[in-house]
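The structure appears below as C-alpha cells.
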Amino acid sequence: MGILSCCFPQLRAVDVIEVTDSVIDTAALQRSLKNPAAGGYCAFEGWVRNENEGHVVERLEYEAYEPLVIVEGEKVLAEARALFPFLDARCVHRVGMLELGECAVWIGVASAHRDEAFKACRFIIDKIKVRLPIWKKEHYANGDSGWVNCERCAAHGIAE
Amino acid sequence: MGILSCCFPQLRAVDVIEVTDSVIDTAALQRSLKNPAAGGYCAFEGWVRNENEGHVVERLEYEAYEPLVIVEGEKVLAEARALFPFLDARCVHRVGMLELGECAVWIGVASAHRDEAFKACRFIIDKIKVRLPIWKKEHYANGDSGWVNCERCAAHGIAE
Amino acid sequence: MKTITVRYFAMFREHAGVSEETLTLNAATVKDVFECTRDRHGSTEPNGHCKVAINDHMADWDTAVSDGDIILLFPPVAGG
Amino acid sequence: MKTITVRYFAMFREHAGVSEETLTLNAATVKDVFECTRDRHGSTEPNGHCKVAINDHMADWDTAVSDGDIILLFPPVAGG
C-alpha cells in the first residue's frame, strides 16, 4: 500500500461538485481521480469561445447560487453514478468574469471501462447546463452585453 | 492578433496522431488544442489498471508498428472529422512498459459545441482499439504474462 | 397577507435593482410570488422557464408559501 | 516460388523467435503467406482476427504477393 498510496493519493468515497472564482486547475483535479482500478478517464471542459449566435463575444460573466449548485450538482452526480457505474467523478464550475479560451466548467470521470466514463461525463454536463442555478452574461465586442438563455428554453421555444 | 497568438499559440490545420515511449504530457497536449472558436473540449485517457478478467495486473507493455499506426490513425481522425465536424483533434499512444495508473493513450478534441467533441472522441478511441497495429502484454502479479486479445475478437468470439 | 423575502438572481436582480427585498404579499404559492413581483424582476418569461427555491430548497411552482419564507427567483439557467 | 520477407509482431514475433526473416514460398496471396508460416508465428487464430500489410500498406487477405515483397503479419490488435 505504500506505493499505491503514493501514486494514488486521494482515493475518495464521494463525488464532488465545487464552485470557484479562480482559474480551474484541471491537472490537479485529474490527478485526484487517479485510481488503480480505473482503466478509462473522460473529461469535458467548457471554454469561453469568441462567438455566439452571430455575436462577437469578448468575455463571459458567470453567476451562480452556490448553495443550490452544490445540492443540485450532487443529485446530478448521484443520478449519473446510478445510471453509469463509475469509480469517481468531480465537477468544478467557475464564476466571475472569464476571458476567451478560459475554462468555465470541468468534469472528470474515472471508471473501470471507457463506456461508463463517456456516458457519465456527457450526462453530467447535459444536466448541469439545464438544472443548476448558474447564469452567464455575454459581453460583446460592440460593448453590449446579454444574459444567455438556457439551452432547454432555446430548444423548446418561448411557447413552452 | 497579438493577444490571440499569445493565448492560442498553436492553431493547427491538421489532426495529429503520435506514438511515444515517454510519459504523455497531457497538459501540454490540451493547451495545443486551445482555439478561440472552441466552446467544448472532450478528452479520453486510457490508464493502466490493476485487473483484467480476473488477473491481478502489475504492468502493461505496449508495442506498436509506428508507420502504420500513423497512417491508420490519420484515417481514423479524418473519418471522425467527416462524421462530427470539430475544430482540432490529437491523439498520442504510448509504447514500452507502463506502470499502474500511467496513461497509455490520450485523445483530445476541441469543437464549437460539446456534441461533436464527445462523439468524435468516442469514435476515435473505439477505432484505435480495433484498427491500429498496437498490442499489449499484461504482466501479472504471479509472474505470468499474456498478450491481450483485441476487443472485437473478444466480443465476436473465436469462431469468427 | 404574508411577509416574504424575495431574492433575485442574474437578469432578475439587474432589473429589480436589488438582490433582495422583503415584501408583504397576498400569495398562496411560489407561483403567486413570481406573478406578484413581475414588475420587480421584469420577466416576460413563462414561469416554466424559470426555477424557484424556498429557504434554499428547490420548489415546484405550486408549493405553498408561509409567512417569513425566503423565496429565490431564478431566471432561465445557462451553466457550462 | 517467391522470395518474401516476413515481419512478425508481438506474440507472432515471440513465437517465431525472430522479428524478420526471408523465406522462399509458394504463395499467391498474403493469406497463403500467413498459412505457410503458421508453424513460424504459431497462430491458432483465424486469419480474420489478424491484419496484414505489404510494403507498409494495409492489405486484404486476398491481395497478391510479388517476389521481394515485405509482408507484415499483425496478430489481433489491442490498443488503448
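Starting from 1 in every chain, residues are counted up; chains themselves are A, B, ... following the order of the C-alpha cells, and ligands are numbered from 1 as listed.
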
Could you produce a table of the residues of chain D lying within 8 Å of chain B, with the nearest pair of atoms per residue and their separation in Å rounded to one decimal, using only C-alpha atoms, ordered by chain and increasing residue number, as a Markdown table?
| residue | atom | partner | partner_atom | distance |
| --- | --- | --- | --- | --- |
| D:Ala10 | CA | B:Trp135 | CA | 6.5 |
| D:Met11 | CA | B:Trp147 | CA | 6.8 |
| D:Glu45 | CA | B:Ile158 | CA | 7.6 |
| D:Pro46 | CA | B:Glu160 | CA | 7.5 |
| D:Gly48 | CA | B:Glu160 | CA | 7.4 |
| D:His49 | CA | B:Cys153 | CA | 6.4 |
| D:Asp56 | CA | B:Leu68 | CA | 6.7 |
| D:His57 | CA | B:Leu68 | CA | 7.5 |
| D:Met58 | CA | B:Leu68 | CA | 7.8 |
| D:Phe74 | CA | B:Pro133 | CA | 6.9 |
| D:Pro76 | CA | B:Cys150 | CA | 5.5 |
| D:Val77 | CA | B:Cys150 | CA | 5.1 |
| D:Ala78 | CA | B:Cys150 | CA | 4.4 |
| D:Gly79 | CA | B:Lys129 | CA | 4.5 |
| D:Gly80 | CA | B:Val105 | CA | 5.4 |

Got a sec to tell me which of range 8-160 of chain A DSSP assigns to alpha helix (DSSP H), as a PyMOL selection string? chain A and resi 26-32+66-83+114-131+151-156

Could you write out that same residue set with N, CA and C atoms as a CSV table (one decimal), in the first residue's frame?
chain,number,residue,atom,x,y,z
A,26,THR,N,-7.1,22.1,-13.8
A,26,THR,CA,-7.6,20.9,-14.3
A,26,THR,C,-6.6,19.7,-14.1
A,27,ALA,N,-5.3,20.0,-14.2
A,27,ALA,CA,-4.3,19.0,-14.0
A,27,ALA,C,-4.4,18.4,-12.6
A,28,ALA,N,-4.6,19.2,-11.6
A,28,ALA,CA,-4.7,18.7,-10.2
A,28,ALA,C,-6.0,18.0,-10.0
A,29,LEU,N,-7.0,18.4,-10.6
A,29,LEU,CA,-8.3,17.7,-10.5
A,29,LEU,C,-8.2,16.3,-11.1
A,30,GLN,N,-7.6,16.3,-12.3
A,30,GLN,CA,-7.4,15.0,-12.9
A,30,GLN,C,-6.6,14.0,-12.0
A,31,ARG,N,-5.5,14.5,-11.5
A,31,ARG,CA,-4.7,13.7,-10.6
A,31,ARG,C,-5.5,13.1,-9.4
A,32,SER,N,-6.5,13.9,-9.0
A,32,SER,CA,-7.3,13.5,-7.8
A,32,SER,C,-8.2,12.3,-8.2
A,66,GLU,N,-24.4,29.4,-5.2
A,66,GLU,CA,-23.6,28.2,-4.8
A,66,GLU,C,-24.3,27.2,-3.9
A,67,PRO,N,-25.1,27.6,-2.9
A,67,PRO,CA,-25.7,26.5,-2.1
A,67,PRO,C,-26.5,25.5,-2.9
A,68,LEU,N,-27.3,26.0,-3.8
A,68,LEU,CA,-28.1,25.1,-4.6
A,68,LEU,C,-27.4,24.5,-5.8
A,69,VAL,N,-26.3,25.1,-6.2
A,69,VAL,CA,-25.4,24.5,-7.2
A,69,VAL,C,-24.9,23.2,-6.6
A,70,ILE,N,-24.5,23.3,-5.4
A,70,ILE,CA,-23.9,22.1,-4.7
A,70,ILE,C,-25.0,21.0,-4.5
A,71,VAL,N,-26.1,21.4,-4.0
A,71,VAL,CA,-27.2,20.4,-3.7
A,71,VAL,C,-27.6,19.8,-5.0
A,72,GLU,N,-28.0,20.6,-6.0
A,72,GLU,CA,-28.4,20.0,-7.3
A,72,GLU,C,-27.3,19.2,-8.0
A,73,GLY,N,-26.1,19.8,-7.9
A,73,GLY,CA,-25.0,19.1,-8.5
A,73,GLY,C,-24.7,17.7,-8.0
A,74,GLU,N,-24.8,17.6,-6.6
A,74,GLU,CA,-24.6,16.3,-6.0
A,74,GLU,C,-25.7,15.3,-6.5
A,75,LYS,N,-26.9,15.9,-6.6
A,75,LYS,CA,-28.0,15.0,-7.2
A,75,LYS,C,-27.7,14.5,-8.6
A,76,VAL,N,-27.2,15.4,-9.4
A,76,VAL,CA,-26.8,15.0,-10.8
A,76,VAL,C,-25.7,14.0,-10.8
A,77,LEU,N,-24.7,14.1,-9.9
A,77,LEU,CA,-23.6,13.2,-9.8
A,77,LEU,C,-24.2,11.8,-9.4
A,78,ALA,N,-25.1,11.8,-8.4
A,78,ALA,CA,-25.6,10.6,-7.9
A,78,ALA,C,-26.5,9.9,-9.0
A,79,GLU,N,-27.2,10.7,-9.7
A,79,GLU,CA,-28.0,10.1,-10.8
A,79,GLU,C,-27.1,9.5,-11.9
A,80,ALA,N,-26.0,10.2,-12.2
A,80,ALA,CA,-25.0,9.7,-13.2
A,80,ALA,C,-24.4,8.3,-12.7
A,81,ARG,N,-24.1,8.3,-11.4
A,81,ARG,CA,-23.4,7.1,-10.8
A,81,ARG,C,-24.4,5.9,-10.9
A,82,ALA,N,-25.7,6.2,-10.7
A,82,ALA,CA,-26.7,5.1,-10.7
A,82,ALA,C,-26.9,4.6,-12.1
A,83,LEU,N,-26.8,5.5,-13.1
A,83,LEU,CA,-27.0,5.1,-14.5
A,83,LEU,C,-25.8,4.4,-15.1
A,114,ARG,N,-14.2,2.3,-20.5
A,114,ARG,CA,-14.5,3.7,-21.1
A,114,ARG,C,-15.9,4.0,-21.3
A,115,ASP,N,-16.8,3.0,-21.5
A,115,ASP,CA,-18.2,3.4,-21.8
A,115,ASP,C,-18.9,4.2,-20.7
A,116,GLU,N,-18.7,3.7,-19.4
A,116,GLU,CA,-19.3,4.5,-18.3
A,116,GLU,C,-18.7,5.9,-18.2
A,117,ALA,N,-17.4,6.0,-18.4
A,117,ALA,CA,-16.8,7.3,-18.3
A,117,ALA,C,-17.4,8.3,-19.3
A,118,PHE,N,-17.4,7.9,-20.6
A,118,PHE,CA,-18.0,8.8,-21.6
A,118,PHE,C,-19.5,9.1,-21.3
A,119,LYS,N,-20.3,8.1,-21.0
A,119,LYS,CA,-21.7,8.3,-20.8
A,119,LYS,C,-22.0,9.2,-19.6
A,120,ALA,N,-21.3,8.9,-18.5
A,120,ALA,CA,-21.5,9.7,-17.3
A,120,ALA,C,-21.1,11.1,-17.5
A,121,CYS,N,-19.9,11.3,-18.1
A,121,CYS,CA,-19.4,12.7,-18.3
A,121,CYS,C,-20.4,13.5,-19.2
A,122,ARG,N,-21.0,12.9,-20.2
A,122,ARG,CA,-21.9,13.6,-21.1
A,122,ARG,C,-23.2,13.9,-20.3
A,123,PHE,N,-23.7,12.9,-19.5
A,123,PHE,CA,-24.9,13.1,-18.7
A,123,PHE,C,-24.7,14.3,-17.8
A,124,ILE,N,-23.6,14.3,-17.1
A,124,ILE,CA,-23.4,15.3,-16.1
A,124,ILE,C,-23.4,16.7,-16.7
A,125,ILE,N,-22.6,16.9,-17.8
A,125,ILE,CA,-22.6,18.3,-18.4
A,125,ILE,C,-24.0,18.7,-19.0
A,126,ASP,N,-24.7,17.7,-19.6
A,126,ASP,CA,-26.0,18.0,-20.1
A,126,ASP,C,-27.0,18.5,-19.0
A,127,LYS,N,-26.9,17.8,-17.8
A,127,LYS,CA,-27.8,18.2,-16.7
A,127,LYS,C,-27.4,19.5,-16.1
A,128,ILE,N,-26.0,19.7,-15.9
A,128,ILE,CA,-25.5,20.9,-15.3
A,128,ILE,C,-26.0,22.1,-16.1
A,129,LYS,N,-26.1,22.0,-17.4
A,129,LYS,CA,-26.5,23.2,-18.2
A,129,LYS,C,-27.9,23.5,-18.1
A,130,VAL,N,-28.8,22.6,-17.7
A,130,VAL,CA,-30.2,23.0,-17.6
A,130,VAL,C,-30.8,22.9,-16.2
A,131,ARG,N,-30.0,22.4,-15.2
A,131,ARG,CA,-30.6,22.2,-13.9
A,131,ARG,C,-30.0,23.1,-12.8
A,151,GLU,N,-30.3,26.4,-22.6
A,151,GLU,CA,-30.4,25.5,-23.8
A,151,GLU,C,-31.8,24.9,-23.9
A,152,ARG,N,-32.4,24.5,-22.8
A,152,ARG,CA,-33.7,23.9,-22.9
A,152,ARG,C,-34.7,24.9,-23.4
A,153,CYS,N,-34.6,26.1,-22.9
A,153,CYS,CA,-35.6,27.2,-23.3
A,153,CYS,C,-35.4,27.4,-24.8
A,154,ALA,N,-34.1,27.5,-25.3
A,154,ALA,CA,-33.9,27.8,-26.7
A,154,ALA,C,-34.4,26.7,-27.6
A,155,ALA,N,-34.2,25.4,-27.1
A,155,ALA,CA,-34.6,24.3,-27.9
A,155,ALA,C,-36.1,24.2,-28.0
A,156,HIS,N,-36.8,24.5,-26.9
A,156,HIS,CA,-38.2,24.3,-26.8
A,156,HIS,C,-39.0,25.5,-27.2

Could you pull out the strand (DSSP E or B) residues of range 91-136 of chain A, going by DSSP on the backbone, and write them as a count of residues only? 20

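You can rank B:His113, B:Arg49, B:His55, B:His139 by their closest distance to chain A using only C-alpha atoms, and at the top of that list sits B:Arg49.
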
Write out as CSV a residue-level contact list of chain B versus chain A with cut-off 7 Å: for each qualifying residue the closest pair of atoms and the distance in Å to one decimal, counting only C-alpha atoms, rows sorted by chain and residue number upward.
residue,atom,partner,partner_atom,distance
B:Ala27,CA,A:Ala27,CA,6.8
B:Lys34,CA,A:Gly101,CA,6.7
B:Asn35,CA,A:Gly101,CA,6.9
B:Pro36,CA,A:Arg49,CA,5.3
B:Ala37,CA,A:Arg49,CA,5.0
B:Ala38,CA,A:Arg49,CA,5.5
B:Gly39,CA,A:Trp47,CA,4.6
B:Gly40,CA,A:Gly46,CA,4.8
B:Tyr41,CA,A:Glu45,CA,5.0
B:Cys42,CA,A:Phe44,CA,4.6
B:Ala43,CA,A:Ala43,CA,5.1
B:Phe44,CA,A:Cys42,CA,4.6
B:Glu45,CA,A:Tyr41,CA,5.1
B:Gly46,CA,A:Gly40,CA,4.8
B:Trp47,CA,A:Gly39,CA,4.6
B:Val48,CA,A:Gly39,CA,5.8
B:Arg49,CA,A:Ala37,CA,5.0
B:Asn50,CA,A:Ala37,CA,5.5
B:Glu51,CA,A:Ala37,CA,6.9
B:Leu100,CA,A:Pro36,CA,6.3
B:Gly101,CA,A:Pro36,CA,5.7

Find the residues around Ile54 in chain D up to 9 Å (only C-alpha atoms counted), leave out those fewer than 2 positions away in its own chain, and share them as an MDAnalysis selection string. chainID D and resid 30 52 56:59 63 65 69:72

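Here CA of Arg13 in chain D is placed at a distance of 6.6 Å from CA of His41 in chain D.
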
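Omitting Gly68 in chain D and its sequence neighbours fewer than 2 positions away, and counting only C-alpha atoms, the residues within 7 Å are D:Thr3, D:Ile4, D:Thr5, D:Ser66, D:Ile70.
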
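Between CA of Arg40 in chain C and CA of Phe12 in chain C the separation is 7.9 Å.
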
Nearby residues (only C-alpha atoms) at most 10 Å from Thr37 in chain D, same-chain spacing under 6 positions excluded, as a PyMOL selection string: chain D and resi 6+16+23+25+31+43+73

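CA of Glu61 in chain A is positioned 13.7 Å from CA of Glu14 in chain C.
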